[in-house]
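These notes concern the structure reproduced below.
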Amino acid sequence: MEDMLALLRGQNAPAECRQAVLACNEASVRYGLTLTEGEAEELLAGRSAALRAAGRVELGEGILPKLIRAFCSSPYLDRDNYAGTLGELQEIFYYYKSECFDRLTDDELLEVMAAVFNGRAQGSTDFLAGTSLEALCRYARGGDAWAAGREDVF
Amino acid sequence: MSGPDTLAAPLSPGEQDRALAALWDLLRHQAALWSGGDTSLTEERTRSLLASLLYTLGAAAEEDGVPREALLRGDLPAALERGRSALAKRLEAAGARWVELRRVSPPGPNVYYQGTLTELGRFFRRYDLRYAAHDIPCAIDYPLLRPVPEREQGVDYAAEYLRRLGWESAFLSAFRRGTLLRLYEREVPGWADVPFNFCDLPLTNALGRTLLGLDPRPLDIPAAERRELTRLLAGRGEGELRALLGGGAEGLCGALGLEEPGARAYFRGAAEDRAPRLAAALEGGDLSRVFLTFLPDVTGT
């Protein structure tokens, strides 16, 4: 089973994923932010490492396009920190998706991340990961509707 | 045009690539359905979905009477649906067998036996044909004479367990309940609360009586009969003992009216399994812990 899954993972076409990431430039360019091909490759390499670290498997183009569209409008992103911050956010996403035992959907987690990043965290991924998401996951693991702990999260 | 030889041939590299791509698509589709459209799953969940797919495709291959490789050349989604239909039929048949077994009382109350039957009922409620077909969502603690091989999965494991439990139940029904209970009371302290198999001790004694040409039903083996068994079996190697016990099982099944070929093979195997222990006891010259005396000696010998 281990070998079979490793074999199948190779089917996740890198070209398809890269195209999906670069296609997001059409939406982000209005905020003055775009990714070069090199930056897209780095993000995808980071994606593989982050998935392995979080014990997750992506079966398709993955979370990056959604993540880019959720954050490209952030006032805390600029050309200098855009690609690097996306990489950190990607890592944070996978980590907390597992920490919450998948109790939050992709969209729910992205919504919270974006709201906190642009709000209380003021663009700090450390604050986002170390404070609010920890609180979010406590609620999610405990089975409470995560919104019950809004004050701790937001 | 494909024929049997084509179906059985190993996949070419090109076919392997196409098969992997088709399997990946199937897994992606399953993952999307299971997760409600999320982009990633845990590795554990992904492996489980994959195991379920492979097990179900295996069921399709069995139903079609073709090797699994043959399916990988064809329409996998269609094969998956055929596999699910096949498993659904097996589930129904196993469910019917469970209902039958619930109507049959074991020789006496045993928490592991009762608990396992209850758990098997839960199996049918919890079984997830779509996403975890390979899984066995229940705790099965009552030990069979011969365990179901661990390679069996999902509904096939449950079905085989129930089949064997049914054979054991038929075996036990040949003996008087009072006789069985006396045997258990003497030999298995607290038998109602420990994981022991109802057939184990009766089978050995019944085999012993059969080898002596006696009616197996009384079960008890007095000292005189045990001495005769020692004379009969002494000096034989383990292989010879296996053959004798296997033959004894055939005779025993005939005497008890157990005609089903599967049952006969099962008890033959269980009998042969006793050869090593019998050989060791013969070496020590003492069969009193193998062929048991549990009734009072009324003859005064």
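Quick note on naming: the chains in the structure tokens go A, B, ... in the order shown, residues restart at 1 in each chain, and ligands are numbered from 1 in order of appearance.
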Next item on the list: Pick out the chain B residues within 12 Å of chain A. Count only C-alpha atoms. Give them as JSON, numbers by chain.
Entry: {"B": [16, 17, 18, 19, 20, 21, 22, 23, 24, 25, 26, 27, 28, 29, 30, 31, 32, 34, 35, 36, 37, 38, 39, 40, 41, 42, 43, 44, 45, 46, 47, 48, 49, 50, 51, 52, 53, 54, 55]}
Checklist line | Spatial neighbours of B:Leu244, 12 Å, only C-alpha atoms, chain gap at least 4 places, as a ChimeraX atom specification | finding: /B:207-208,210-212,229,232-233,236-240,248-252,268-269,271-275,278
How about saving the chosen residues, N, CA and C atoms kept, as a short mmCIF file (atom, residue, chain, number, x, y, z; two decimals), in the first residue's frame?
data_model
loop_
_atom_site.label_atom_id
_atom_site.label_comp_id
_atom_site.auth_asym_id
_atom_site.auth_seq_id
_atom_site.Cartn_x
_atom_site.Cartn_y
_atom_site.Cartn_z
N LEU B 207 -12.55 -36.84 18.56
CA LEU B 207 -11.58 -37.46 17.66
C LEU B 207 -11.02 -38.74 18.28
N GLY B 208 -10.67 -38.63 19.57
CA GLY B 208 -10.12 -39.80 20.26
C GLY B 208 -11.09 -40.96 20.22
N THR B 210 -13.48 -41.46 18.11
CA THR B 210 -13.65 -41.91 16.73
C THR B 210 -12.50 -42.81 16.32
N LEU B 211 -11.28 -42.43 16.72
CA LEU B 211 -10.11 -43.25 16.38
C LEU B 211 -10.22 -44.65 17.00
N LEU B 212 -10.91 -44.74 18.13
CA LEU B 212 -11.10 -46.03 18.78
C LEU B 212 -12.31 -46.78 18.24
N LEU B 229 -5.69 -45.55 23.37
CA LEU B 229 -5.26 -44.50 22.43
C LEU B 229 -3.74 -44.37 22.46
N LEU B 232 -2.32 -47.03 20.46
CA LEU B 232 -2.60 -46.81 19.03
C LEU B 232 -1.67 -45.76 18.43
N LEU B 233 -1.37 -44.72 19.22
CA LEU B 233 -0.69 -43.55 18.65
C LEU B 233 0.82 -43.50 18.94
N ARG B 236 4.48 -42.92 16.66
CA ARG B 236 4.21 -42.32 15.33
C ARG B 236 4.75 -40.91 15.28
N GLY B 237 5.32 -40.55 14.13
CA GLY B 237 5.83 -39.20 13.94
C GLY B 237 4.68 -38.22 13.75
N GLU B 238 5.02 -36.92 13.77
CA GLU B 238 3.99 -35.88 13.69
C GLU B 238 3.21 -35.97 12.39
N GLY B 239 3.91 -36.28 11.30
CA GLY B 239 3.24 -36.39 10.01
C GLY B 239 2.19 -37.48 10.01
N GLU B 240 2.56 -38.62 10.60
CA GLU B 240 1.63 -39.75 10.67
C GLU B 240 0.44 -39.39 11.54
N GLY B 248 -9.41 -39.24 11.08
CA GLY B 248 -10.37 -39.31 12.18
C GLY B 248 -11.43 -38.24 12.05
N ALA B 249 -11.02 -37.05 11.62
CA ALA B 249 -11.99 -35.96 11.45
C ALA B 249 -13.01 -36.29 10.37
N GLU B 250 -12.54 -36.92 9.31
CA GLU B 250 -13.48 -37.31 8.24
C GLU B 250 -14.51 -38.28 8.81
N GLY B 251 -14.01 -39.25 9.56
CA GLY B 251 -14.93 -40.21 10.17
C GLY B 251 -15.88 -39.54 11.15
N LEU B 252 -15.35 -38.61 11.93
CA LEU B 252 -16.16 -37.90 12.92
C LEU B 252 -17.27 -37.10 12.24
N ARG B 268 -11.23 -31.08 9.46
CA ARG B 268 -10.03 -31.86 9.15
C ARG B 268 -8.78 -31.05 9.49
N GLY B 269 -8.79 -29.78 9.05
CA GLY B 269 -7.67 -28.89 9.37
C GLY B 269 -7.49 -28.70 10.86
N ALA B 271 -8.35 -30.74 13.20
CA ALA B 271 -7.84 -31.99 13.76
C ALA B 271 -6.34 -32.10 13.53
N GLU B 272 -5.93 -31.83 12.32
CA GLU B 272 -4.50 -31.92 11.99
C GLU B 272 -3.68 -30.92 12.81
N ASP B 273 -4.27 -29.78 13.13
CA ASP B 273 -3.59 -28.76 13.95
C ASP B 273 -3.19 -29.33 15.31
N ARG B 274 -3.87 -30.40 15.77
CA ARG B 274 -3.59 -30.97 17.09
C ARG B 274 -2.37 -31.89 17.12
N ALA B 275 -1.84 -32.18 15.95
CA ALA B 275 -0.74 -33.15 15.86
C ALA B 275 0.47 -32.77 16.71
N LEU B 278 -0.21 -33.34 20.38
CA LEU B 278 -0.36 -34.77 20.63
C LEU B 278 1.00 -35.45 20.63
#
Margin query: Restricting the calculation to only C-alpha atoms: of B:Pro109, B:Gly166, B:Pro149, B:Pro13, which residue gets closest to B:Gly262?
Written below: B:Gly166
Margin query: Measuring between only C-alpha atoms, which one of B:Leu203, B:Leu282, B:Ala159, B:Ala170 shows the shortest distance to B:Glu92?
Written below: B:Ala159
Check: Got a sec: who's within 12 Å of B:Gln153, counting only C-alpha atoms, leaving out chain neighbours fewer than 3 positions off, as a VMD selection string?
Finding: chain B and resid 51 to 52 54 to 56 58 to 59 87 127 132 to 137 148 to 150 156 to 161
